[in-house]
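Q: Sharing start_4.cif (mmCIF, C-alpha atoms) below.
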```cif
data_start
#
loop_
_atom_site.label_atom_id
_atom_site.label_comp_id
_atom_site.auth_asym_id
_atom_site.auth_seq_id
_atom_site.Cartn_x
_atom_site.Cartn_y
_atom_site.Cartn_z
CA MET C 1 59.30 -21.06 -1.60
CA THR C 2 62.27 -18.83 -0.92
CA SER C 3 64.49 -17.51 -3.69
CA SER C 4 67.58 -18.98 -1.98
CA MET C 5 66.17 -22.51 -2.30
CA ALA C 6 68.08 -24.82 -4.65
CA LEU C 7 66.26 -25.96 -7.78
CA ARG C 8 66.39 -29.61 -6.71
CA THR C 9 64.84 -28.65 -3.34
CA ARG C 10 62.00 -26.84 -5.13
CA LEU C 11 61.40 -29.81 -7.44
CA PHE C 12 61.41 -32.22 -4.52
CA GLY C 13 58.86 -30.02 -2.71
CA ARG C 14 56.56 -30.03 -5.75
CA LEU C 15 56.88 -33.78 -6.20
CA LEU C 16 56.01 -34.36 -2.53
CA LYS C 17 52.88 -32.22 -2.84
CA ILE C 18 51.66 -34.42 -5.70
CA SER C 19 52.68 -37.82 -4.33
CA GLU C 20 52.38 -37.68 -0.53
CA LYS C 21 49.36 -37.47 1.76
CA GLY C 22 49.68 -35.20 4.76
CA ILE C 23 49.80 -37.08 8.06
CA GLU C 24 46.37 -35.62 8.88
CA ASP C 25 44.92 -37.60 5.93
CA VAL C 26 46.71 -40.90 6.58
CA VAL C 27 44.25 -43.64 7.58
CA ASP C 28 46.58 -46.64 7.89
CA LEU C 29 49.70 -45.49 9.77
CA PRO C 30 51.53 -48.87 9.84
CA ALA C 31 51.18 -49.10 6.02
CA HIS C 32 52.35 -45.49 5.69
CA ARG C 33 55.44 -46.23 7.82
CA ALA C 34 56.19 -49.38 5.83
CA LYS C 35 55.97 -47.46 2.54
CA ARG C 36 58.43 -44.83 3.82
CA ALA C 37 60.86 -47.48 5.09
CA LYS C 38 60.68 -49.30 1.73
CA LEU C 39 61.51 -46.07 -0.14
CA GLN C 40 64.56 -45.57 2.10
CA ARG C 41 65.95 -48.92 0.91
CA THR C 42 65.61 -48.18 -2.83
CA ALA C 43 68.23 -46.61 -5.12
CA ILE C 44 66.11 -43.44 -5.34
CA GLY C 45 65.85 -43.43 -1.55
CA GLY C 46 69.65 -43.60 -1.34
CA LEU C 47 69.92 -40.55 -3.60
CA ILE C 48 67.39 -38.55 -1.56
CA PHE C 49 68.26 -39.60 2.00
CA GLY C 50 71.97 -40.17 1.44
CA ARG C 51 73.94 -43.31 2.18
CA PRO C 52 75.98 -44.18 5.27
CA ASP C 53 79.66 -43.20 5.23
CA PRO C 54 81.61 -46.24 3.95
CA ALA C 55 84.35 -45.49 6.53
CA ALA C 56 81.89 -46.21 9.38
CA THR C 57 80.86 -49.56 10.75
CA VAL C 58 77.25 -50.05 11.81
CA ASP C 59 75.91 -52.60 14.27
CA GLU C 60 72.29 -53.20 15.19
CA LEU C 61 71.57 -53.90 18.84
CA VAL C 62 68.49 -54.43 20.95
CA ILE C 63 68.88 -52.17 23.96
CA GLY C 64 67.32 -52.21 27.42
CA THR C 65 64.11 -50.55 26.26
CA GLY C 66 63.46 -53.53 23.99
CA GLN C 67 63.95 -51.23 20.98
CA ARG C 68 66.51 -51.47 18.21
CA ALA C 69 69.48 -49.14 18.02
CA LEU C 70 72.01 -48.56 15.25
CA VAL C 71 75.57 -47.98 16.49
CA HIS C 72 77.88 -46.11 14.09
CA ARG C 73 81.60 -45.88 14.73
CA PRO C 74 84.79 -45.13 12.79
CA GLU C 75 86.11 -48.33 11.19
CA ASP C 76 89.49 -48.06 12.91
CA ALA C 77 88.03 -46.99 16.28
CA ILE C 78 90.02 -47.61 19.42
CA GLY C 79 87.95 -46.68 22.46
CA PRO C 80 86.87 -45.26 24.65
CA LEU C 81 85.43 -42.63 22.31
CA PRO C 82 82.98 -39.81 22.95
CA CYS C 83 79.37 -40.76 22.29
CA VAL C 84 76.39 -39.04 20.66
CA VAL C 85 72.93 -40.45 21.39
CA ASN C 86 70.79 -39.47 18.42
CA PHE C 87 66.98 -39.49 18.30
CA HIS C 88 65.32 -39.65 14.86
CA GLY C 89 62.52 -37.36 13.67
CA GLY C 90 59.10 -38.20 12.29
CA GLY C 91 56.59 -36.32 14.41
CA TRP C 92 56.71 -39.01 17.15
CA VAL C 93 54.53 -41.20 14.90
CA GLN C 94 56.90 -42.39 12.16
CA GLY C 95 60.59 -42.57 11.27
CA ASN C 96 63.41 -44.94 12.19
CA PRO C 97 67.13 -44.88 13.05
CA GLU C 98 68.03 -45.64 9.41
CA GLN C 99 66.81 -42.23 8.23
CA SER C 100 69.59 -40.61 10.30
CA ALA C 101 72.35 -42.88 8.96
CA TRP C 102 73.83 -40.34 6.53
CA LEU C 103 74.32 -37.85 9.36
CA ALA C 104 75.14 -40.28 12.19
CA SER C 105 77.79 -42.22 10.25
CA ARG C 106 79.57 -39.03 9.13
CA ILE C 107 79.62 -37.61 12.63
CA ALA C 108 81.10 -40.93 13.81
CA VAL C 109 83.87 -40.87 11.20
CA ARG C 110 84.72 -37.17 11.23
CA GLY C 111 84.10 -36.56 14.91
CA ARG C 112 85.86 -39.76 16.02
CA ALA C 113 82.81 -40.72 18.07
CA VAL C 114 80.33 -43.53 18.58
CA VAL C 115 76.84 -42.47 17.48
CA VAL C 116 74.00 -44.52 18.94
CA SER C 117 70.63 -44.03 17.20
CA PRO C 118 67.88 -45.74 19.20
CA ALA C 119 64.33 -46.38 18.06
CA TYR C 120 61.54 -45.45 20.47
CA ARG C 121 57.86 -46.33 20.76
CA LEU C 122 55.69 -44.38 18.33
CA ALA C 123 52.27 -42.77 18.72
CA PRO C 124 49.34 -43.15 18.41
CA GLU C 125 49.83 -46.80 19.47
CA HIS C 126 52.06 -45.54 22.29
CA GLU C 127 51.00 -42.08 23.41
CA PHE C 128 53.09 -39.52 25.25
CA PRO C 129 55.18 -39.97 27.36
CA ALA C 130 56.16 -43.43 26.01
CA GLY C 131 58.65 -41.94 23.52
CA VAL C 132 60.12 -39.71 26.24
CA ASP C 133 60.54 -42.67 28.60
CA ASP C 134 62.30 -44.67 25.88
CA ALA C 135 64.60 -41.74 25.04
CA ARG C 136 65.55 -41.29 28.71
CA ASP C 137 66.06 -45.04 29.20
CA SER C 138 68.14 -45.31 26.00
CA LEU C 139 70.52 -42.67 27.31
CA ALA C 140 70.75 -44.42 30.69
CA TRP C 141 71.41 -47.76 28.92
CA VAL C 142 74.25 -46.26 26.86
CA VAL C 143 75.89 -44.86 30.02
CA GLU C 144 75.47 -48.18 31.88
CA HIS C 145 76.96 -50.11 28.95
CA ALA C 146 79.68 -47.59 28.14
CA GLU C 147 82.51 -50.06 28.54
CA GLU C 148 81.13 -52.66 26.15
CA LEU C 149 80.16 -49.93 23.65
CA GLY C 150 83.70 -48.50 23.82
CA VAL C 151 82.50 -45.07 24.92
CA ASP C 152 83.56 -42.62 27.60
CA PRO C 153 80.49 -42.07 29.86
CA GLN C 154 81.81 -38.60 30.79
CA ARG C 155 81.81 -37.45 27.15
CA ILE C 156 78.21 -37.82 26.02
CA ALA C 157 76.07 -35.55 23.86
CA VAL C 158 72.44 -35.92 22.83
CA MET C 159 71.22 -35.00 19.35
CA GLY C 160 67.94 -35.16 17.48
CA ASP C 161 66.03 -33.69 14.57
CA SER C 162 62.45 -32.41 14.70
CA ALA C 163 60.57 -34.75 17.11
CA GLY C 164 63.99 -36.18 17.97
CA GLY C 165 65.20 -32.65 18.76
CA ASN C 166 62.26 -32.36 21.15
CA LEU C 167 63.31 -35.64 22.82
CA ALA C 168 66.97 -34.54 23.06
CA ALA C 169 65.91 -31.26 24.72
CA VAL C 170 63.54 -33.08 27.11
CA VAL C 171 66.15 -35.71 28.06
CA SER C 172 68.63 -32.90 28.80
CA LEU C 173 66.12 -31.30 31.18
CA MET C 174 65.32 -34.64 32.85
CA ALA C 175 69.00 -35.55 33.30
CA ARG C 176 69.65 -32.15 34.89
CA ASP C 177 66.72 -32.61 37.29
CA ALA C 178 67.72 -36.19 38.16
CA GLY C 179 71.36 -35.27 38.78
CA GLY C 180 72.58 -37.32 35.79
CA PRO C 181 73.63 -38.92 33.62
CA PRO C 182 76.00 -36.05 32.75
CA ILE C 183 75.41 -34.64 29.25
CA ARG C 184 78.11 -32.43 27.74
CA ALA C 185 76.07 -30.97 24.88
CA GLN C 186 72.76 -31.04 23.04
CA VAL C 187 72.42 -30.70 19.27
CA LEU C 188 68.85 -29.69 18.45
CA ILE C 189 68.09 -29.84 14.72
CA TYR C 190 64.91 -27.90 13.82
CA PRO C 191 63.39 -29.05 17.12
CA GLY C 192 59.72 -28.92 18.06
CA VAL C 193 59.68 -27.43 21.56
CA GLU C 194 56.12 -26.10 21.86
CA MET C 195 52.94 -28.06 21.19
CA TYR C 196 50.28 -25.37 20.92
CA ASP C 197 51.39 -21.74 20.51
CA ARG C 198 51.34 -20.44 16.95
CA TRP C 199 54.36 -18.33 16.06
CA PRO C 200 55.04 -16.22 12.92
CA SER C 201 57.20 -18.80 11.10
CA GLU C 202 54.26 -21.21 11.13
CA ASP C 203 52.12 -18.72 9.21
CA ARG C 204 54.98 -17.67 6.93
CA ASN C 205 55.77 -21.30 6.01
CA ALA C 206 52.29 -22.78 6.52
CA ASP C 207 52.43 -24.73 3.26
CA ALA C 208 56.17 -25.45 3.09
CA PRO C 209 57.62 -28.69 1.66
CA VAL C 210 57.90 -31.72 4.00
CA LEU C 211 56.14 -30.08 6.97
CA THR C 212 53.06 -27.85 6.83
CA SER C 213 51.18 -26.13 9.62
CA ALA C 214 48.39 -28.73 9.27
CA ASN C 215 50.95 -31.55 9.57
CA MET C 216 52.43 -29.96 12.72
CA ARG C 217 49.03 -29.78 14.41
CA ALA C 218 48.15 -33.37 13.42
CA PHE C 219 51.47 -34.75 14.75
CA ALA C 220 50.91 -33.03 18.11
CA ARG C 221 47.40 -34.48 18.41
CA LEU C 222 48.53 -38.00 17.45
CA TYR C 223 51.47 -37.86 19.85
CA LEU C 224 49.63 -36.46 22.87
CA GLY C 225 46.31 -38.26 22.31
CA GLU C 226 44.09 -37.87 25.35
CA GLN C 227 46.75 -35.69 26.97
CA HIS C 228 46.51 -33.03 24.26
CA GLY C 229 46.46 -29.77 26.21
CA THR C 230 49.03 -30.87 28.78
CA GLU C 231 51.57 -28.21 29.72
CA ASP C 232 54.08 -30.84 30.87
CA PHE C 233 57.61 -29.79 29.87
CA ARG C 234 58.19 -33.34 28.64
CA ALA C 235 55.82 -32.45 25.79
CA SER C 236 56.87 -28.79 25.37
CA PRO C 237 60.41 -28.33 26.74
CA ILE C 238 60.17 -24.55 26.31
CA ARG C 239 57.58 -24.65 29.14
CA ALA C 240 60.08 -26.00 31.70
CA SER C 241 60.10 -23.87 34.85
CA SER C 242 63.84 -23.27 34.42
CA HIS C 243 66.38 -23.70 31.63
CA ALA C 244 69.39 -22.99 33.86
CA ASP C 245 72.32 -25.41 34.10
CA LEU C 246 71.51 -27.23 30.86
CA PRO C 247 74.24 -28.58 28.55
CA LYS C 248 75.73 -26.31 25.90
CA ALA C 249 73.49 -26.30 22.85
CA PHE C 250 73.80 -26.06 19.10
CA ILE C 251 70.40 -25.25 17.58
CA LEU C 252 69.97 -25.53 13.80
CA THR C 253 66.92 -24.15 11.99
CA ALA C 254 65.75 -24.04 8.37
CA GLU C 255 64.63 -20.87 6.59
CA ALA C 256 61.52 -22.43 4.97
CA ASP C 257 60.24 -24.34 8.00
CA PRO C 258 57.10 -23.68 10.05
CA LEU C 259 59.10 -24.84 13.09
CA LEU C 260 61.79 -22.15 12.65
CA ASP C 261 60.53 -20.05 15.58
CA ASN C 262 60.49 -23.12 17.83
CA GLY C 263 64.28 -23.22 17.46
CA SER C 264 64.91 -19.49 17.76
CA ARG C 265 62.65 -19.12 20.81
CA TYR C 266 64.31 -22.08 22.52
CA ARG C 267 67.65 -20.40 21.85
CA ASP C 268 66.32 -17.27 23.56
CA ALA C 269 65.10 -19.27 26.57
CA LEU C 270 68.48 -20.98 26.98
CA VAL C 271 70.49 -17.78 26.52
CA GLU C 272 68.32 -16.00 29.07
CA ALA C 273 69.06 -18.82 31.54
CA GLY C 274 72.82 -18.47 30.95
CA VAL C 275 73.30 -21.58 28.79
CA PRO C 276 75.94 -21.23 26.03
CA VAL C 277 74.19 -21.58 22.65
CA ARG C 278 75.39 -21.70 19.07
CA TYR C 279 72.56 -20.96 16.64
CA VAL C 280 72.44 -21.11 12.84
CA GLU C 281 69.51 -20.61 10.47
CA TYR C 282 70.27 -22.27 7.11
CA ASP C 283 69.16 -20.30 4.05
CA GLY C 284 67.23 -22.22 1.43
CA ALA C 285 66.72 -25.17 3.78
CA ILE C 286 63.42 -26.95 4.41
CA HIS C 287 62.25 -28.98 7.38
CA GLY C 288 63.94 -32.37 7.50
CA PHE C 289 66.93 -31.23 5.45
CA MET C 290 69.50 -33.18 7.50
CA SER C 291 67.73 -36.39 6.39
CA LEU C 292 67.56 -35.13 2.78
CA PRO C 293 71.17 -34.38 1.78
CA GLY C 294 70.47 -35.44 -1.81
CA VAL C 295 67.91 -32.67 -2.33
CA VAL C 296 69.08 -29.94 0.09
CA PRO C 297 72.72 -28.99 -0.66
CA VAL C 298 73.18 -26.93 2.53
CA ALA C 299 72.93 -30.17 4.58
CA ARG C 300 76.65 -30.64 3.97
CA ARG C 301 77.53 -27.27 5.49
CA ALA C 302 75.32 -28.01 8.48
CA LEU C 303 77.09 -31.37 8.90
CA ASP C 304 80.44 -29.54 9.01
CA ASP C 305 79.03 -27.19 11.64
CA ILE C 306 77.74 -30.06 13.82
CA VAL C 307 81.07 -31.91 13.60
CA ASP C 308 82.97 -28.72 14.56
CA PHE C 309 80.68 -28.12 17.54
CA LEU C 310 80.90 -31.70 18.81
CA ARG C 311 84.69 -31.77 18.46
CA GLU C 312 84.83 -28.62 20.57
CA VAL C 313 82.50 -29.78 23.35
CA LEU C 314 83.36 -33.49 23.53
#
```
Re-express the file's structure as structure tokens.
A:
Amino acid sequence: MTSSMALRTRLFGRLLKISEKGIEDVVDLPAHRAKRAKLQRTAIGGLIFGRPDPAATVDELVIGTGQRALVHRPEDAIGPLPCVVNFHGGGWVQGNPEQSAWLASRIAVRGRAVVVSPAYRLAPEHEFPAGVDDARDSLAWVVEHAEELGVDPQRIAVMGDSAGGNLAAVVSLMARDAGGPPIRAQVLIYPGVEMYDRWPSEDRNADAPVLTSANMRAFARLYLGEQHGTEDFRASPIRASSHADLPKAFILTAEADPLLDNGSRYRDALVEAGVPVRYVEYDGAIHGFMSLPGVVPVARRALDDIVDFLREVL
């Protein structure tokens, strides 16, 4: 672990190593998901994952995909407001909109925006591209229902962390290719953009807290299933034939994360294609840190940076 890592982050990493199975060793995924969701709802979970901003309201909807979505907005909101469609992380096989509530609610309050966090179908029950289809359809649903959601359909950003960052990047490419809906910006938080290539950060952080190299490989296999090996850009957005004309991007990476090079190489691909990119690597941060504000102090600085970026572009 890096010397810049906070003591509480180090302790959390050690505790995880003792208490948690890697995804590659999980036999009963539904039970594993249920255990994680239960932890989120406990007092300890609140300390680790953070609690929603009390100045935000949250509504739960069922959207056109048949999936749930949490809608965060400032309490005193008068629309139409800009909108951020946020996809949760979890390696495409676990996770839920609630795990993003600390971040989503604060962006809503401080950015004066509506943040819609949809669920999507999870692998291995629903293999690729089910999650991609749900992400694309969630975005389309938000645009179609802009008026009732109190959002401005011309001021939309997509955001996601880890697997959700992959989905946000993929949806941005698909919207460009389909001629809409218009996306103003993409916020990609330690995104996974490449399914197979092994880059130096994966070796350097092979046994890092929260996400190891073995975990990464297992998530990709579970997600892609029989399609493991596909070079489809909807799996690996860095493999798209062109990255030109994509929305402005803010890419956030963590120093102690095997996925670090996924973010920095995607930055390079976008910059080369002429897309404006803001890029920050957060010292002392581990994978998943934006869902772990209680154990990774730098999450608060990254939140400030995201809010600043979204205010600028929306």
Q: Figure out the distance between atom CA of Asn262 of chain C and atom CA of Pro200 of chain C, please, to one decimal in Å.
A: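 Atom-to-atom, atom CA of Pro200 of chain C to atom CA of Asn262 of chain C, that is 10.1 Å.
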Q: What does the distance between atom CA of Gly225 of chain C and atom CA of Phe289 of chain C come to in Å, to one decimal place?
A: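 Calculated distance between atom CA of Gly225 of chain C and atom CA of Phe289 of chain C is 27.5 Å.
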Q: What gap, in Å, lies between atom CA of Leu252 of chain C and atom CA of Tyr279 of chain C?
A: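 Computing it gives 6.0 Å between the two atoms.
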Q: Could you list as a list in words every residue that has an atom within 8 Å of (68.2, -23.1, 26.5), using the file's coordinates and counting all atoms listed in the file?
A: His243, Ala244, Leu246, Ala249, Tyr266, Arg267, Asp268, Ala269, Leu270, Val271, Glu272, Ala273, Gly274, Val275, Pro276 and Val277 of chain C
Q: Mind dumping the selected residues with C-alpha atoms as a PDB file, keeping the file's coordinate frame?
A:
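The resulting file, result.pdb, is reproduced below:
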```
ATOM      1  CA  HIS C 243      66.380 -23.700  31.630  1.00  0.00           C
ATOM      2  CA  ALA C 244      69.390 -22.990  33.860  1.00  0.00           C
ATOM      3  CA  LEU C 246      71.510 -27.230  30.860  1.00  0.00           C
ATOM      4  CA  ALA C 249      73.490 -26.300  22.850  1.00  0.00           C
ATOM      5  CA  TYR C 266      64.310 -22.080  22.520  1.00  0.00           C
ATOM      6  CA  ARG C 267      67.650 -20.400  21.850  1.00  0.00           C
ATOM      7  CA  ASP C 268      66.320 -17.270  23.560  1.00  0.00           C
ATOM      8  CA  ALA C 269      65.100 -19.270  26.570  1.00  0.00           C
ATOM      9  CA  LEU C 270      68.480 -20.980  26.980  1.00  0.00           C
ATOM     10  CA  VAL C 271      70.490 -17.780  26.520  1.00  0.00           C
ATOM     11  CA  GLU C 272      68.320 -16.000  29.070  1.00  0.00           C
ATOM     12  CA  ALA C 273      69.060 -18.820  31.540  1.00  0.00           C
ATOM     13  CA  GLY C 274      72.820 -18.470  30.950  1.00  0.00           C
ATOM     14  CA  VAL C 275      73.300 -21.580  28.790  1.00  0.00           C
ATOM     15  CA  PRO C 276      75.940 -21.230  26.030  1.00  0.00           C
ATOM     16  CA  VAL C 277      74.190 -21.580  22.650  1.00  0.00           C
TER      17      VAL C 277
END
```
Q: Evaluate the PyMOL selection byres ((chain C and resi 129-139) around 8) against this structure - the residues, as number ranges by chain, please.
A: C: 63-65, 85, 87, 92, 118, 120-122, 126-128, 140-143, 167-168, 170-171, 174, 181, 224, 234-235
Q: Set the distance at 10 Å and use only C-alpha atoms: which residues neighbour Arg198 of chain C once local chain neighbours fewer than 3 positions away are removed? I'd like the list as a ChimeraX atom specification.
A: /C:194-195,201-203,213,217,258-259,261-262
Q: Please enumerate the residues selected by the PyMOL selection byres ((chain C and resi 298) around 10) when evaluated against the supplied file, formatted as a PyMOL selection string.
A: chain C and resi 5-6+254+282-286+289-290+292-297+299-303
Q: Could you write out that same residue set with C-alpha atoms as a CSV table (one decimal), in the coordinates of the input?
A:
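Result saved to again_25.csv:
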```csv
chain,number,residue,atom,x,y,z
C,5,MET,CA,66.2,-22.5,-2.3
C,6,ALA,CA,68.1,-24.8,-4.6
C,254,ALA,CA,65.8,-24.0,8.4
C,282,TYR,CA,70.3,-22.3,7.1
C,283,ASP,CA,69.2,-20.3,4.0
C,284,GLY,CA,67.2,-22.2,1.4
C,285,ALA,CA,66.7,-25.2,3.8
C,286,ILE,CA,63.4,-27.0,4.4
C,289,PHE,CA,66.9,-31.2,5.4
C,290,MET,CA,69.5,-33.2,7.5
C,292,LEU,CA,67.6,-35.1,2.8
C,293,PRO,CA,71.2,-34.4,1.8
C,294,GLY,CA,70.5,-35.4,-1.8
C,295,VAL,CA,67.9,-32.7,-2.3
C,296,VAL,CA,69.1,-29.9,0.1
C,297,PRO,CA,72.7,-29.0,-0.7
C,299,ALA,CA,72.9,-30.2,4.6
C,300,ARG,CA,76.6,-30.6,4.0
C,301,ARG,CA,77.5,-27.3,5.5
C,302,ALA,CA,75.3,-28.0,8.5
C,303,LEU,CA,77.1,-31.4,8.9
```
Q: Could you list as a PyMOL selection string every residue that has an atom within 12 Å of (90.3, -48.4, 13.1), using the file's coordinates and counting only C-alpha atoms?
A: chain C and resi 55-57+73-79+81+108-109+112-113
Q: Hey, what's within 6 Å of segment 67-70 of chain C if we count all atoms listed in the file and toss same-chain stuff fewer than 4 positions away? As a list of chain:residue names, please?
A: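 Answer for this query is C:Asp59, C:Glu60, C:Leu61, C:Val62, C:Ile63, C:Val116, C:Ser117, C:Pro118, C:Ala119.
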Q: Got time to write the residues from that selection, C-alpha atoms, as a CSV table (one decimal), in the coordinates of the input?
A:
```csv
chain,number,residue,atom,x,y,z
C,59,ASP,CA,75.9,-52.6,14.3
C,60,GLU,CA,72.3,-53.2,15.2
C,61,LEU,CA,71.6,-53.9,18.8
C,62,VAL,CA,68.5,-54.4,21.0
C,63,ILE,CA,68.9,-52.2,24.0
C,116,VAL,CA,74.0,-44.5,18.9
C,117,SER,CA,70.6,-44.0,17.2
C,118,PRO,CA,67.9,-45.7,19.2
C,119,ALA,CA,64.3,-46.4,18.1
```
Q: Quick one: everything within 6 Å of Gln186 of chain C, counting all atoms listed in the file, minus sequence neighbours fewer than 3 positions away in the same chain. Send it as a ChimeraX atom specification.
A: /C:157-159,249
Q: Residue by residue, what does the PyMOL selection byres ((chain C and resi 100) around 9) grab here? Present the result as an MDAnalysis selection string.
A: chainID C and resid 49 52 86:89 96:99 101:105 117 161 290:291
Q: Can you tell me, as a PyMOL selection string, what residues are no more than 12 Å from Gln94 of chain C when counting only C-alpha atoms, ignoring any on the same chain fewer than 6 positions away?
A: chain C and resi 23+26+28-37+88+119-126+131+162-164+219+222-223
Q: Go through C:Lys248, C:Arg8, C:Arg176, C:Arg110 and flag the residue nearest Ile48 of chain C, using all atoms listed in the file for the distances.
A: C:Arg8
Q: Please list as a PyMOL selection string every residue within 6 Å of Asn166 of chain C, counting only C-alpha atoms and excluding residues in the same chain fewer than 3 positions away.
A: chain C and resi 163+169+191-193
Q: Smallest atom-to-atom distance to Gly160 of chain C: which of C:Thr230, C:Tyr190, C:Leu173, C:Gly179, using all atoms listed in the file?
A: C:Tyr190
Q: With distances taken over all atoms listed in the file, which of C:Glu147, C:Asp207, C:Asp245, C:Glu24 is nearest to Ile183 of chain C?
A: C:Asp245
Q: From the set C:Ile306, C:Val84, C:Asn205, C:Arg106, which residue has the shortest atom-to-atom contact distance to Pro54 of chain C, counting only C-alpha atoms?
A: C:Arg106
Q: From the list C:Ala256, C:Ala208, C:Val280, C:Ala218, which residue is nearest Leu16 of chain C when using all atoms listed in the file?
A: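 Among C:Ala256, C:Ala208, C:Val280, C:Ala218, it is C:Ala208 that comes nearest to Leu16 of chain C.
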Q: Restricting the calculation to all atoms listed in the file: of C:Ser264, C:Ala220, C:Arg155, C:Gln227, which residue gets closest to Pro247 of chain C?
A: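 Nearest candidate to Pro247 of chain C out of C:Ser264, C:Ala220, C:Arg155, C:Gln227: C:Arg155.
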